[in-house]
Structures are given as structure tokens and as C-alpha cells.
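Reviewing the structure listed below.
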Amino acid sequence: WSLGAMLALQTAAEHPDLVDSRVLISGTARMSGEGDYPGADARALRAMRLRLSRDHKRVMADFAALCASPDGGDQVAGSYLEEAGTFPLAELADGLECLSSLDLRPQLGRIKAKAILLHGEDDGIIPLASAEFLAARLDCASLKVLPGRGHALPFTAAREIAACAREAVS
């Protein structure tokens, strides 16, 4: 999911013998948009990284609300915050640094494993256009867009994820 999807892509590119198929949830080849690449707002990501050390609870609450929108609501935001609260601040900062620096676009041509890209139509974290970019550049990928869904698919779309996982291994 999200950063995990990026790391799975990196593994598939660097170690093709280890990856046969995968389901990438809210995946992207690069988190930040630049030039004609349709990623997330790089300024917002930088601001999040800077604010994390000063007021990490507020940063996480804002991020949780954005993740849970439009289909998860307060319950999903609360569940996300509960899980995120188990991670030390240094690990959260490391994750943001990884998101800021990881750019897999040059490696996409090396990925040959089958992929199902599952993405919320209304994802407020990673734009749908990022998933479309990724699907267009992976030879064995199919994109499944979930109408009305946001970024918190593991919390809001468990059935759809399970169906995709069954499809990926069949």
C-alpha cells in the first residue's frame, strides 16, 4: 500500500527472480510530481516533513483525514492514527524521506512480473493519474480503479483487495 507498493516495485526491478506477481495498492513510481509527471504536490510533502518534528500528532491527524477521505470517515482516520501511533517518530521521518527521494520511473522497463494496480478514483494522496502513468509503463499490468474510493483502501476495500490477490495468483 502506497510506500509499500513503491518498495515492491523496486524489488521487482532489482530482483526479478523474487517476484512473480503482485497487487499494488495506491502505487506510484514517484511520490512527488515534477514537470509532466502527475505525482503529489512536492511542496506539501516537504512541509509535512518539516512539520513532523514540531507537531507530529497534528501532521498525522491531517494525513489520516486526507487518507480517509472521501469514503472512510472518522472511524478509518482513527484506525489509521492508532496504527501510525505505534511507529517511532524517527521511522515516520525515514518513511517520508524515502517517499521524497525514491524515483522508480527509470526502472519500470525492467519489471516483467504481472501486476494488478488497485487505486481509488478519489485518492487525495496519490493522484489517479500517477497510477495511470504506472499502468501505461508496466507491460504486464492492469489498472483497477475503484469509483468513489480514496487512499485508505486497506481499511475501506478489503473485499476488492482480496479479489485482486486471488486474481494475481491465478
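We name chains A, B, ... following the order of the C-alpha cells; residues begin at 1 in each chain, and ligands are numbered from 1 as shown.
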Write out as JSON lines the residues of range 90-149 of chain A that have any atom within 7 Å of an atom of range 1-22 of chain A, one row each with the nearest atom pair and its distance in Å to one decimal, counting only C-alpha atoms, sorted by chain and then rising number.
{"residue": "A:Leu99", "atom": "CA", "partner": "A:Leu3", "partner_atom": "CA", "distance": 6.7}
{"residue": "A:Leu104", "atom": "CA", "partner": "A:Gln10", "partner_atom": "CA", "distance": 6.8}
{"residue": "A:Gln107", "atom": "CA", "partner": "A:Ala13", "partner_atom": "CA", "distance": 6.1}
{"residue": "A:Leu108", "atom": "CA", "partner": "A:Ala13", "partner_atom": "CA", "distance": 6.9}
{"residue": "A:Arg110", "atom": "CA", "partner": "A:Ala13", "partner_atom": "CA", "distance": 5.4}
{"residue": "A:Ile111", "atom": "CA", "partner": "A:Ala13", "partner_atom": "CA", "distance": 4.9}
{"residue": "A:Ala113", "atom": "CA", "partner": "A:Asp20", "partner_atom": "CA", "distance": 5.1}
{"residue": "A:Lys114", "atom": "CA", "partner": "A:Ser21", "partner_atom": "CA", "distance": 4.5}
{"residue": "A:Ala115", "atom": "CA", "partner": "A:Arg22", "partner_atom": "CA", "distance": 5.0}
{"residue": "A:Ile116", "atom": "CA", "partner": "A:Arg22", "partner_atom": "CA", "distance": 6.4}
Range 67-76 of chain A surroundings by only C-alpha atoms, 12 Å radius, close-in-sequence under 3 positions cut, as a ChimeraX atom specification: /A:1-2,26,60-64,79-83,120-127,146-157
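Note that the spacing between CA of Ala40 in chain A and CA of His119 in chain A amounts to 14.4 Å.
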Give the strand (DSSP E) residues of chain A, as assigned by DSSP on the backbone, as a PyMOL selection string. chain A and resi 21-25+114-120+141-146
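Taking CA of Ala84 in chain A and CA of Leu50 in chain A as the two end points, the separation is 17.9 Å.
Comparing A:Leu118, A:Ala77, A:Met48, A:Ala163 by their smallest distance to Ala141 in chain A, the closest is A:Leu118 (using only C-alpha atoms).
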Using only C-alpha atoms, which residues sit within 12 Å of Leu52 in chain A once same-chain residues fewer than 3 positions away are excluded, as a ChimeraX atom specification? /A:45-49,55-63,88-97
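With only C-alpha atoms as the atoms that count, the residue of A:Phe87, A:Ser101, A:Ala65, A:Gly78 with the shortest distance to Ala42 in chain A is A:Ser101.
Relative to CA of Gly27 in chain A, CA of Ser170 in chain A is found at 21.4 Å.
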Could you tell me, as a PyMOL selection string, which residues of range 43-150 of chain A DSSP assigns to helix (DSSP H, G or I) when given the backbone? chain A and resi 43-68+73-84+89-101+105-110+128-137
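For the set A:Val169, A:Ala136, A:Leu66, A:Ala129, the residue with the smallest atom-to-atom gap to Gly33 in chain A is A:Ala129, counting only C-alpha atoms.
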Restricting to only C-alpha atoms, whichever of A:Val145, A:Ala158, A:Cys98, A:Ala29 is closest to Phe133 in chain A is A:Ala29
